[in-house]
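Below: upload.cif (mmCIF, C-alpha atoms)
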data_protein
loop_
_atom_site.label_atom_id
_atom_site.label_comp_id
_atom_site.auth_asym_id
_atom_site.auth_seq_id
_atom_site.Cartn_x
_atom_site.Cartn_y
_atom_site.Cartn_z
CA MET X 1369 22.34 -1.67 -22.38
CA LYS X 1370 20.15 -4.06 -24.32
CA ARG X 1371 17.18 -5.53 -22.45
CA THR X 1372 15.46 -8.81 -23.26
CA ASP X 1373 11.77 -9.59 -23.65
CA ASN X 1374 11.92 -11.63 -20.42
CA PHE X 1375 12.30 -8.40 -18.48
CA SER X 1376 10.37 -6.05 -20.76
CA LYS X 1377 7.29 -6.20 -18.53
CA PHE X 1378 9.31 -4.51 -15.78
CA VAL X 1379 11.04 -1.76 -17.73
CA VAL X 1380 8.85 -0.72 -20.68
CA GLN X 1381 6.92 2.41 -19.81
CA LYS X 1382 3.34 2.77 -21.06
CA LYS X 1383 2.35 5.57 -23.40
CA ASN X 1384 0.16 8.34 -22.07
CA SER X 1385 -2.66 7.19 -24.33
CA ALA X 1386 -2.48 3.69 -22.82
CA ILE X 1387 -2.51 5.07 -19.28
CA LYS X 1388 -5.51 7.28 -20.09
CA GLU X 1389 -7.32 4.30 -21.57
CA GLU X 1390 -6.68 2.30 -18.36
CA PHE X 1391 -8.20 5.09 -16.30
CA ARG X 1392 -11.19 5.28 -18.66
CA GLN X 1393 -11.73 1.55 -18.33
CA GLU X 1394 -11.46 1.78 -14.52
CA LYS X 1395 -14.05 4.58 -14.49
CA LYS X 1396 -16.34 2.66 -16.84
CA LYS X 1397 -16.07 -0.45 -14.67
CA TRP X 1398 -16.84 1.54 -11.52
CA LYS X 1399 -19.92 3.16 -13.13
CA LYS X 1400 -21.21 -0.24 -14.24
CA GLU X 1401 -20.77 -1.68 -10.74
CA ARG X 1402 -22.66 1.27 -9.27
CA SER X 1403 -25.45 0.92 -11.84
CA ASP X 1404 -25.74 -2.82 -11.15
CA ALA X 1405 -25.94 -2.15 -7.42
CA ILE X 1406 -28.76 0.39 -7.93
CA ASP X 1407 -30.67 -2.02 -10.17
CA LEU X 1408 -30.30 -4.77 -7.59
CA LYS X 1409 -31.62 -2.52 -4.85
CA LYS X 1410 -34.65 -1.57 -6.96
CA ALA X 1411 -35.34 -5.23 -7.70
CA GLU X 1412 -35.27 -6.04 -3.98
CA LYS X 1413 -37.77 -3.26 -3.27
CA ARG X 1414 -40.12 -4.55 -5.99
CA LYS X 1415 -39.86 -8.03 -4.51
CA ILE X 1416 -40.85 -6.73 -1.06
CA LEU X 1417 -43.85 -4.88 -2.54
CA ASN X 1418 -45.01 -7.98 -4.43
CA ILE X 1419 -44.78 -10.12 -1.28
CA ALA X 1420 -46.82 -7.51 0.61
CA LYS X 1421 -49.51 -7.55 -2.08
CA GLU X 1422 -49.68 -11.35 -2.08
CA LYS X 1423 -50.25 -11.36 1.68
CA GLY X 1424 -53.00 -8.77 1.37
CA HIS X 1425 -51.12 -5.96 3.03
CA ALA X 1426 -51.88 -2.40 2.01
CA PRO X 1427 -49.47 -1.31 -0.73
CA ILE X 1428 -47.04 1.46 0.00
CA PRO X 1429 -48.06 4.52 -2.04
CA GLU X 1430 -45.61 5.63 -4.72
CA SER X 1431 -45.69 9.13 -3.29
CA ALA X 1432 -43.98 7.74 -0.23
CA GLY X 1433 -40.73 7.66 -2.21
CA LYS X 1434 -37.98 5.50 -0.80
CA MET X 1435 -38.62 2.49 1.40
CA PRO X 1436 -38.73 3.23 5.14
CA MET X 1437 -35.28 3.24 6.64
CA ILE X 1438 -34.18 2.33 10.16
CA VAL X 1439 -32.03 5.18 11.41
CA ARG X 1440 -29.20 4.02 13.64
CA LYS X 1441 -26.98 6.22 15.70
CA GLN X 1442 -23.64 6.59 13.92
CA ASP X 1443 -20.65 5.26 15.84
CA LYS X 1444 -17.91 7.88 15.54
CA SER X 1445 -15.44 6.04 17.75
CA MET X 1446 -12.26 4.38 16.49
CA PRO X 1447 -9.43 2.25 17.94
CA LEU X 1448 -6.62 4.23 19.55
CA ASN X 1449 -3.92 2.93 17.16
CA LYS X 1450 -6.06 3.96 14.17
CA TYR X 1451 -6.63 7.39 15.72
CA ILE X 1452 -2.87 7.89 16.11
CA ALA X 1453 -2.31 6.90 12.48
CA HIS X 1454 -4.95 9.42 11.38
CA CYS X 1455 -3.05 12.06 13.34
CA GLY X 1456 -0.04 11.47 11.09
CA ILE X 1457 2.23 10.21 13.86
CA CYS X 1458 2.99 6.82 12.31
CA SER X 1459 1.35 3.75 10.80
CA ARG X 1460 -1.23 1.71 12.75
CA ARG X 1461 1.30 -1.07 13.30
CA ASP X 1462 3.91 1.32 14.73
CA ALA X 1463 1.20 3.01 16.81
CA ILE X 1464 0.64 -0.27 18.65
CA LEU X 1465 4.25 -0.13 19.85
CA LEU X 1466 3.91 3.48 20.99
CA ILE X 1467 0.80 2.60 22.98
CA LYS X 1468 2.39 -0.44 24.63
CA GLU X 1469 5.43 1.69 25.50
CA GLU X 1470 3.01 3.92 27.51
CA LYS X 1471 3.68 7.01 25.40
CA VAL X 1472 -0.02 7.76 24.88
CA LYS X 1473 -2.57 9.21 27.29
CA VAL X 1474 -6.34 9.53 26.88
CA ASN X 1475 -8.07 12.10 29.10
CA GLY X 1476 -5.02 12.16 31.36
CA ALA X 1477 -4.71 8.38 31.80
CA VAL X 1478 -2.07 6.14 30.23
CA ILE X 1479 -3.71 3.64 27.85
CA THR X 1480 -1.84 0.47 26.84
CA GLU X 1481 -4.61 -1.21 24.82
CA PRO X 1482 -4.37 -0.41 21.05
CA GLY X 1483 -8.07 -1.25 20.54
CA PHE X 1484 -9.25 1.27 23.17
CA LYS X 1485 -12.13 3.24 21.58
CA ILE X 1486 -11.61 6.96 21.05
CA THR X 1487 -14.54 9.36 20.57
CA PRO X 1488 -14.44 12.96 19.26
CA GLU X 1489 -14.81 14.22 22.85
CA ASP X 1490 -11.64 12.47 24.09
CA VAL X 1491 -8.32 14.30 24.50
CA VAL X 1492 -5.37 12.23 23.28
CA LEU X 1493 -1.79 13.13 24.19
CA TYR X 1494 1.35 11.72 22.59
CA MET X 1495 4.59 12.45 24.45
CA GLY X 1496 2.69 15.12 26.38
CA LYS X 1497 1.33 16.92 23.30
CA LYS X 1498 -2.29 16.92 22.14
CA ILE X 1499 -2.78 15.26 18.75
CA LEU X 1500 -5.65 15.59 16.27
CA PRO X 1501 -6.49 13.70 13.05
CA GLU X 1502 -4.96 15.12 9.89
CA LYS X 1503 -7.39 16.84 7.52
CA ASN X 1504 -5.00 17.58 4.66
CA LEU X 1505 -3.82 14.26 3.22
CA VAL X 1506 -0.48 14.31 1.40
CA TYR X 1507 0.98 11.66 -0.94
CA ILE X 1508 4.61 11.91 -2.09
CA LEU X 1509 6.60 9.52 -4.30
CA LEU X 1510 10.36 9.55 -3.67
CA ASN X 1511 13.11 7.94 -5.73
CA LYS X 1512 15.21 6.91 -2.75
CA PRO X 1513 19.02 6.99 -3.03
CA LYS X 1514 21.51 4.91 -1.03
CA ASP X 1515 22.64 5.75 2.50
CA TYR X 1516 19.27 7.09 3.67
CA ILE X 1517 17.28 5.46 6.47
CA THR X 1518 13.59 4.76 5.78
CA THR X 1519 12.25 6.19 9.03
CA VAL X 1520 10.95 9.46 10.45
CA GLU X 1521 13.99 10.00 12.69
CA ASP X 1522 17.15 8.13 13.59
CA PRO X 1523 18.63 8.09 17.14
CA GLN X 1524 22.12 7.71 15.65
CA GLY X 1525 21.76 10.90 13.65
CA ARG X 1526 21.96 9.23 10.24
CA LYS X 1527 20.29 10.77 7.19
CA THR X 1528 16.60 9.84 6.75
CA VAL X 1529 14.30 9.97 3.72
CA LEU X 1530 12.51 12.94 5.29
CA ASP X 1531 15.70 14.98 4.83
CA LEU X 1532 15.14 14.66 1.07
CA ILE X 1533 11.63 16.15 1.09
CA ARG X 1534 12.03 18.99 3.56
CA GLY X 1535 9.72 21.86 2.63
CA ALA X 1536 7.42 19.62 0.58
CA THR X 1537 4.60 19.85 3.12
CA GLY X 1538 3.76 21.24 6.52
CA GLU X 1539 1.97 18.02 7.42
CA ARG X 1540 3.70 15.24 9.35
CA ILE X 1541 4.16 12.35 6.91
CA PHE X 1542 5.86 8.96 7.21
CA PRO X 1543 7.13 6.27 4.80
CA VAL X 1544 4.92 3.35 3.75
CA GLY X 1545 6.92 0.21 4.50
CA ARG X 1546 10.70 0.17 4.56
CA LEU X 1547 13.60 0.02 2.14
CA ASP X 1548 17.05 -1.01 3.41
CA ARG X 1549 19.64 1.73 3.79
CA ASN X 1550 21.39 0.53 0.63
CA THR X 1551 18.22 -0.24 -1.34
CA THR X 1552 17.12 2.44 -3.79
CA GLY X 1553 13.95 3.21 -5.75
CA VAL X 1554 10.24 3.84 -5.33
CA LEU X 1555 9.11 4.88 -1.85
CA LEU X 1556 5.72 6.34 -0.88
CA LEU X 1557 5.36 8.83 1.98
CA THR X 1558 1.98 9.97 3.32
CA ASN X 1559 -0.06 10.93 6.39
CA ASP X 1560 -2.96 8.69 5.28
CA GLY X 1561 -3.04 6.06 8.02
CA ASP X 1562 -5.71 3.90 6.37
CA LEU X 1563 -3.83 3.68 3.08
CA THR X 1564 -0.58 2.92 4.89
CA GLN X 1565 -2.28 0.05 6.68
CA LYS X 1566 -3.62 -1.40 3.41
CA LEU X 1567 -0.32 -1.17 1.54
CA SER X 1568 1.78 -2.44 4.44
CA HIS X 1569 -0.32 -5.33 5.70
CA PRO X 1570 1.10 -8.71 4.58
CA SER X 1571 -2.37 -10.07 3.76
CA HIS X 1572 -2.73 -7.66 0.82
CA GLU X 1573 0.53 -8.82 -0.82
CA VAL X 1574 1.07 -5.65 -2.86
CA ARG X 1575 3.09 -6.04 -6.09
CA LYS X 1576 6.75 -4.99 -6.03
CA VAL X 1577 9.37 -5.22 -8.78
CA TYR X 1578 13.11 -5.01 -8.10
CA GLU X 1579 16.27 -4.92 -10.19
CA ALA X 1580 19.08 -6.80 -8.42
CA LYS X 1581 22.79 -6.62 -9.23
CA LEU X 1582 24.52 -9.83 -8.07
CA ASP X 1583 28.18 -10.63 -7.43
CA LYS X 1584 28.15 -13.32 -10.17
CA PRO X 1585 25.97 -14.56 -13.05
CA PHE X 1586 22.63 -16.04 -11.99
CA SER X 1587 22.55 -19.66 -13.18
CA LYS X 1588 19.62 -21.27 -15.00
CA VAL X 1589 19.35 -23.86 -12.21
CA ASP X 1590 18.92 -21.18 -9.54
CA PHE X 1591 16.61 -19.23 -11.87
CA ASP X 1592 14.24 -22.22 -11.95
CA ARG X 1593 14.60 -22.84 -8.19
CA MET X 1594 13.55 -19.29 -7.36
CA LEU X 1595 10.49 -19.55 -9.60
CA LYS X 1596 9.59 -22.91 -8.07
CA GLY X 1597 9.99 -21.57 -4.53
CA LEU X 1598 12.43 -21.54 -1.61
CA GLU X 1599 12.00 -22.70 1.97
CA LEU X 1600 13.59 -19.92 4.07
CA GLU X 1601 13.95 -19.88 7.84
CA ASP X 1602 10.66 -17.98 8.18
CA GLY X 1603 8.69 -19.96 5.62
CA PHE X 1604 8.13 -20.69 1.94
CA VAL X 1605 8.46 -17.94 -0.68
CA ARG X 1606 8.81 -17.71 -4.44
CA ALA X 1607 9.17 -15.09 -7.13
CA ASP X 1608 6.04 -14.29 -9.17
CA ALA X 1609 8.16 -13.37 -12.19
CA LEU X 1610 11.86 -13.38 -13.00
CA GLY X 1611 14.01 -12.20 -15.89
CA TYR X 1612 17.53 -11.32 -17.05
CA VAL X 1613 17.74 -7.56 -17.53
CA ASP X 1614 20.78 -7.68 -19.80
CA THR X 1615 21.44 -10.47 -22.32
CA LYS X 1616 25.19 -9.98 -21.95
CA ASP X 1617 25.29 -9.61 -18.17
CA LYS X 1618 23.34 -12.34 -16.37
CA SER X 1619 24.25 -10.93 -12.97
CA VAL X 1620 21.49 -8.30 -13.32
CA ILE X 1621 18.10 -9.81 -12.51
CA GLY X 1622 14.57 -8.45 -12.49
CA ILE X 1623 12.27 -9.98 -9.89
CA GLU X 1624 8.57 -9.43 -9.18
CA ILE X 1625 7.29 -10.43 -5.76
CA HIS X 1626 4.29 -9.78 -3.52
CA SER X 1627 5.70 -10.88 -0.16
CA GLY X 1628 6.20 -8.08 2.35
CA ARG X 1629 8.64 -9.89 4.63
CA ASN X 1630 11.74 -8.01 5.77
CA HIS X 1631 14.75 -8.09 3.41
CA ILE X 1632 12.97 -10.85 1.47
CA VAL X 1633 14.63 -10.25 -1.93
CA ARG X 1634 18.15 -10.11 -0.51
CA ARG X 1635 17.51 -13.20 1.60
CA MET X 1636 16.21 -15.17 -1.40
CA PHE X 1637 19.38 -14.52 -3.40
CA GLU X 1638 21.63 -15.11 -0.38
CA PHE X 1639 19.89 -18.43 0.25
CA LEU X 1640 21.06 -19.52 -3.21
CA GLY X 1641 24.63 -18.34 -2.55
CA TYR X 1642 24.63 -14.88 -4.16
CA ASP X 1643 25.67 -11.54 -2.71
CA VAL X 1644 23.38 -8.65 -3.69
CA LYS X 1645 25.63 -5.72 -4.67
CA GLY X 1646 22.75 -3.41 -5.56
CA LEU X 1647 18.96 -3.49 -5.20
CA ASP X 1648 16.57 -1.01 -6.82
CA ARG X 1649 12.76 -1.05 -6.46
CA VAL X 1650 11.33 0.00 -9.80
CA VAL X 1651 7.63 -0.65 -9.09
CA PHE X 1652 5.50 -0.46 -5.94
CA ALA X 1653 1.76 -1.19 -6.37
CA ASN X 1654 0.86 1.03 -9.37
CA LEU X 1655 3.74 3.48 -8.80
CA THR X 1656 6.97 3.73 -10.80
CA LYS X 1657 9.90 6.14 -10.67
CA LYS X 1658 9.32 7.33 -14.25
CA ASN X 1659 10.46 10.95 -14.68
CA VAL X 1660 11.67 11.09 -11.05
CA GLU X 1661 15.45 11.26 -10.79
CA ARG X 1662 17.35 9.68 -7.91
CA SER X 1663 16.89 11.70 -4.67
CA LYS X 1664 13.99 13.64 -6.24
CA TRP X 1665 10.27 13.44 -5.43
CA ARG X 1666 6.83 14.40 -6.72
CA TYR X 1667 3.24 14.52 -5.47
CA LEU X 1668 0.89 11.74 -6.55
CA ASN X 1669 -1.94 12.84 -8.79
CA GLU X 1670 -5.61 12.26 -7.98
CA LYS X 1671 -5.94 9.21 -10.22
CA GLU X 1672 -2.91 7.50 -8.68
CA VAL X 1673 -4.29 8.05 -5.20
CA ARG X 1674 -7.70 6.70 -6.20
CA LEU X 1675 -6.19 3.54 -7.68
CA LEU X 1676 -4.14 2.98 -4.52
CA LYS X 1677 -7.14 3.44 -2.25
CA PHE X 1678 -9.30 1.05 -4.24
CA MET X 1679 -6.44 -1.49 -4.17
CA ASN X 1680 -6.59 -2.03 -7.93
CA SER X 1681 -6.47 -5.75 -8.79
CA SER X 1682 -3.59 -5.27 -11.25
CA PHE X 1683 -1.11 -4.79 -8.41
CA ILE X 1684 -2.61 -7.19 -5.87
CA LYS X 1685 -1.68 -10.85 -5.91
CA LYS X 1686 -4.52 -12.99 -7.21
CA PRO X 1687 -5.41 -16.23 -5.41
CA LYS X 1688 -4.39 -19.36 -7.30
CA ALA X 1689 -7.10 -21.63 -8.65
CA VAL X 1690 -7.67 -24.77 -6.61
#

Final structure tokens representation of the file:
Amino acid sequence: MKRTDNFSKFVVQKKNSAIKEEFRQEKKKWKKERSDAIDLKKAEKRKILNIAKEKGHAPIPESAGKMPMIVRKQDKSMPLNKYIAHCGICSRRDAILLIKEEKVKVNGAVITEPGFKITPEDVVLYMGKKILPEKNLVYILLNKPKDYITTVEDPQGRKTVLDLIRGATGERIFPVGRLDRNTTGVLLLTNDGDLTQKLSHPSHEVRKVYEAKLDKPFSKVDFDRMLKGLELEDGFVRADALGYVDTKDKSVIGIEIHSGRNHIVRRMFEFLGYDVKGLDRVVFANLTKKNVERSKWRYLNEKEVRLLKFMNSSFIKKPKAV
């Protein structure tokens, strides 16, 4: 199937040399930022010494080494919902629901406030079982197939994405965000509560790219409307990029979007009068399904995890100039 240049940014895979160069540039940038921060700190110390000399104060001897530091007692407490996420039970957002449903006890008492501070000495029980923060963090990329629910367990007994990765880890992991039952493609699963919060929170607007198969050709008029923006029932939204995947079949559309609202891609097309027959997520943040067949999975490598944790600017929506 021939693909046009309009959609090439979504489907062309980078060479290994290009990927390595990106990592080198990221490392170089990080080293420069660290060096600049050190230089700035030294300059501030020199400024303090010069001011002291001007006021006639006794200079601090060089043998004293670093500037005197005020030692503060470290606060090792954390909010209850964050603690639960670190235990690998669920995301912070889902933990709020568990707490409000009175499923969590602290030192024998039911706590319903998600912001309740937990210290290392506290005993936290979830559904009657003691829980502790995960020490071994796991990151798995799954190429999700159809007919699987994006959840840890399903009361109706339907197949879940965890059925596809059984045996991958002994840790309790959970999916980051959700894909509809009939939506396929890139899905991240982890027990890293902090990362899950960053990637799931709407304010971060993480980059996502989908390939949509429609019930009829997508017209040029609707193409322009989607780029300009649509006013849905829950607010304004627009595609960041759009393209025809196949020059001969204009019912297959590539769409890049940062919004994290539920079913947002399907709802955008339905608003314009189209039925989405198939939806595949090909990119999530800096992750793609390259070399991962449908229903298969792999562990993320160290560099991928680092880029996700630092929320690399290439997959975060940039604010528009005023």

Query raised in the report: Mind pulling up the distance from atom CA of Lys1396 of chain X to atom CA of Ala1411 of chain X?
Result: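 If I compute the distance from atom CA of Ala1411 of chain X to atom CA of Lys1396 of chain X, I get 22.5 Å.
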
Query raised in the report: What is the distance between atom CA of Leu1500 of chain X and atom CA of Ala1653 of chain X, in Å to one decimal?
Result: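 Atom-to-atom, atom CA of Leu1500 of chain X to atom CA of Ala1653 of chain X, that is 29.1 Å.
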
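Here the question is which of X:His1454, X:Lys1658, X:Arg1461, X:Lys1618 gets nearest to Pro1501 of chain X using all atoms listed in the file, and that residue is X:His1454.
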
Query - Distance criterion (only C-alpha atoms): nearest to Gly1483 of chain X out of X:Thr1537, X:Asn1654, X:Asn1418, X:Ser1445 - result: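 For Gly1483 of chain X, the nearest of the given residues is X:Ser1445.
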
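Nearest to Glu1661 of chain X of all the residues X:Arg1534, X:Leu1509, X:Lys1471, X:Glu1579 is X:Leu1509, counting only C-alpha atoms.
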
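The interatomic distance for the pair atom CA of Tyr1516 of chain X and atom CA of Thr1528 of chain X works out to 4.9 Å.
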
Report task. Convert the output of the PyMOL selection byres ((chain X and resi 1554) around 12) on the shown file into explicit residues, formatted as a ChimeraX atom specification. Result -> /X:1508-1513,1518,1529,1543-1547,1551-1553,1555-1557,1576-1579,1647-1666

Query - Neighbour list for Pro1570 of chain X as a ChimeraX atom specification, cut-off 10 Å, only C-alpha atoms, skip fewer than 5 positions in-chain - result: /X:1565,1626-1629
